[in-house]
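One structure is given here, and the rest of the page talks about it.
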Amino acid sequence: MKTYIALFRGINVGGNNILPMKALVSILENLGFNNVKTYIQSGNVVFQSKAENTSRLSSKIGAEIKESHGFEPKVLLLQLPEMEQALNSNPFPDAESEPNTLHVNFLLSVPANPDLKTLESIRKENERFNLKGKIFYLHAPEGIGRSKLAANAERLLGVAMTGRNWRTACKIVAMAKA
């Protein structure tokens with residue numbers, strides 16, 4: 001069995017797309033997944049499955065949620081080694097001491113024409129970013145709430161993404177290893 005990490009985009013945020021974690025666990029167990037565990041309410045799940053095709057698994061999960069809850073979230077599936085590699089490749093290790101300011105964004109695909117020049121022009125002086133394949137790292141010492149860089153990254157990269165702060169990403173990996 002493989003260990004998968006499911007990162008759900010846009011559930012339980014701002015009172016929209018409400019999906020209690022108990023219901024999510026039940027959905028995934030009904031799909032035949034094993035050892036389903038969630039971390040916080042924003043859609044972080046670890047589970048095990050014999051299935052190999054992550055794209056098919058992701059679609060299956062989204063369709064099941066649409067059937068049961070009326071909306072279909074984007075579900076990004078990673079295998080544990082992929083998530084570990086993303087953490088191990090952090091270009092800003094000095095920012096790990098402030099884990100709420102460091103963000104790892106997982107893109108659905110490698111951007112074909114990312115507008116890095118515009119991203120560079122709108123970043124605050126103390127903000128840093130780095131695009132490595134399907135991972136967009138962002139260090140925003142003042143937080144992402146008022147960051148133009150954070151607000152525009154997805155549009156300027158041209159690819160849908162979902163992000164987690166460093167603390168959350170590390171907790172998910174620890175949970176997956178347990």
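Labels for the structure tokens follow display order: chains A, B, ..., residues from 1 in each chain, ligands from 1.
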Next item on the list: Compile the contact shell of stretch 49-51 of chain A as a ChimeraX atom specification: residues with an atom at most 7 Å away, counting only C-alpha atoms, same-chain residues fewer than 5 positions apart removed.
Entry: /A:1-3,33-34
Check: atom CA of A:Arg56 to atom CA of A:Asn30: how many Å, to one decimal?
Finding: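 About the pair atom CA of A:Arg56 and atom CA of A:Asn30: they are 16.1 Å apart.
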Check: Near stretch 172-176 of chain A, counting only C-alpha atoms, which residues have an atom at most 12 Å away, once you skip same-chain residues fewer than 5 positions from it, shown as a ChimeraX atom specification?
Finding: /A:2-7,35-40,43-48,78-88,164-167
Item checked: Which of A:Gly62, A:Gly158, A:Pro91, A:Pro99 sits closest to A:Leu77 [using only C-alpha atoms] -> A:Gly62
Next item on the list: Within 9 Å of A:Asn90, counting only C-alpha atoms, which residues show up once you throw out same-chain ones fewer than 6 positions away? Write them as a ChimeraX atom specification, please.
Entry: /A:96,104,130,137
Margin query: Could you check the closest approach to A:Pro20 for each of A:Leu119, A:Ile135, A:Ile65, A:Leu76 and tell me which residue wins, using only C-alpha atoms?
Written below: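 That would be A:Ile65, the residue with the smallest distance to A:Pro20.
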Next item on the list: Would you mind reading off the distance between atom CA of A:Val110 and atom CA of A:Ser42, one decimal, in Å?
Entry: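 Separating atom CA of A:Val110 from atom CA of A:Ser42 is a distance of 24.0 Å.
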Item checked: Contact residues around A:Ile27 with only C-alpha atoms at 8 Å, ignoring same-chain residues under 4 positions, as a ChimeraX atom specification -> /A:23,31,64-65
Check: Do you have the atom CA of A:Phe92-atom CA of A:Ala160 distance handy?
Finding: 22.7 Å
Next item on the list: Could you find all residues in chain A that DSSP calls helix (DSSP H, G or I) from the backbone, and write them as a PyMOL selection string?
Entry: chain A and resi 21-30+54-69+80-88+93-97+116-122+148-157+166-177
Item checked: Of the listed residues A:Asn105, A:Ser89, A:Ser26, A:Asn17, that which approaches A:Gly163 most closely, counting only C-alpha atoms -> A:Asn105
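Residues surrounding A:Ala112 within 10 Å are Ser109, Asp115, Leu157, Gly158 and Val159 of chain A [only C-alpha atoms; sequence separation below 3 positions excluded].
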Take the residues that were just selected and, keeping N, CA and C atoms, output them as a PDB file, in the first residue's frame.
ATOM      1  N   SER A 109       0.199  21.524 -12.074  1.00  0.00           N
ATOM      2  CA  SER A 109       1.116  21.158 -13.159  1.00  0.00           C
ATOM      3  C   SER A 109       2.258  22.162 -13.184  1.00  0.00           C
ATOM      4  N   ASP A 115       4.809  34.178 -15.162  1.00  0.00           N
ATOM      5  CA  ASP A 115       5.226  35.580 -15.261  1.00  0.00           C
ATOM      6  C   ASP A 115       6.041  35.947 -14.018  1.00  0.00           C
ATOM      7  N   LEU A 157       1.314  32.691 -12.251  1.00  0.00           N
ATOM      8  CA  LEU A 157       1.935  31.413 -12.601  1.00  0.00           C
ATOM      9  C   LEU A 157       1.122  30.702 -13.682  1.00  0.00           C
ATOM     10  N   GLY A 158      -0.185  30.980 -13.708  1.00  0.00           N
ATOM     11  CA  GLY A 158      -1.047  30.394 -14.726  1.00  0.00           C
ATOM     12  C   GLY A 158      -1.457  28.959 -14.450  1.00  0.00           C
ATOM     13  N   VAL A 159      -1.337  28.545 -13.197  1.00  0.00           N
ATOM     14  CA  VAL A 159      -1.663  27.167 -12.818  1.00  0.00           C
ATOM     15  C   VAL A 159      -2.351  27.189 -11.449  1.00  0.00           C
TER      16      VAL A 159
END
Check: Could you pull out all residues of stretch 136-175 of chain A with a DSSP call of strand (DSSP E) and give them as a ChimeraX atom specification?
Finding: /A:136-139,161-165
Give me a file of those residues, with N, CA and C atoms, as a PDB file, in the first residue's frame.
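Output saved as out-v2.pdb:
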ATOM      1  N   PHE A 136       5.874  26.082  -5.523  1.00  0.00           N
ATOM      2  CA  PHE A 136       6.126  27.515  -5.423  1.00  0.00           C
ATOM      3  C   PHE A 136       6.318  27.841  -3.948  1.00  0.00           C
ATOM      4  N   TYR A 137       7.537  28.200  -3.595  1.00  0.00           N
ATOM      5  CA  TYR A 137       7.863  28.545  -2.215  1.00  0.00           C
ATOM      6  C   TYR A 137       7.698  30.054  -2.043  1.00  0.00           C
ATOM      7  N   LEU A 138       7.130  30.437  -0.922  1.00  0.00           N
ATOM      8  CA  LEU A 138       6.919  31.846  -0.642  1.00  0.00           C
ATOM      9  C   LEU A 138       7.254  32.123   0.814  1.00  0.00           C
ATOM     10  N   HIS A 139       8.154  33.060   1.040  1.00  0.00           N
ATOM     11  CA  HIS A 139       8.452  33.536   2.383  1.00  0.00           C
ATOM     12  C   HIS A 139       7.921  34.954   2.478  1.00  0.00           C
ATOM     13  N   MET A 161      -3.229  26.176  -7.739  1.00  0.00           N
ATOM     14  CA  MET A 161      -2.353  25.668  -6.694  1.00  0.00           C
ATOM     15  C   MET A 161      -3.070  25.688  -5.356  1.00  0.00           C
ATOM     16  N   THR A 162      -2.516  24.947  -4.425  1.00  0.00           N
ATOM     17  CA  THR A 162      -2.984  24.989  -3.047  1.00  0.00           C
ATOM     18  C   THR A 162      -1.760  25.037  -2.152  1.00  0.00           C
ATOM     19  N   GLY A 163      -1.822  25.872  -1.142  1.00  0.00           N
ATOM     20  CA  GLY A 163      -0.653  26.087  -0.306  1.00  0.00           C
ATOM     21  C   GLY A 163      -0.878  25.729   1.151  1.00  0.00           C
ATOM     22  N   ARG A 164       0.239  25.458   1.817  1.00  0.00           N
ATOM     23  CA  ARG A 164       0.240  25.187   3.249  1.00  0.00           C
ATOM     24  C   ARG A 164       1.421  25.924   3.861  1.00  0.00           C
ATOM     25  N   ASN A 165       1.229  26.428   5.085  1.00  0.00           N
ATOM     26  CA  ASN A 165       2.382  27.031   5.726  1.00  0.00           C
ATOM     27  C   ASN A 165       3.322  25.923   6.188  1.00  0.00           C
TER      28      ASN A 165
END
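Among the candidates A:Glu52, A:Gly32, A:Glu154, A:Ile18, the one nearest to A:Gly70 when counting only C-alpha atoms is A:Ile18.
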Next item on the list: Have a look at A:Asp94, A:Phe8, A:Lys132, A:Thr118 and name the one nearest to A:Ser59; count only C-alpha atoms.
Entry: A:Phe8
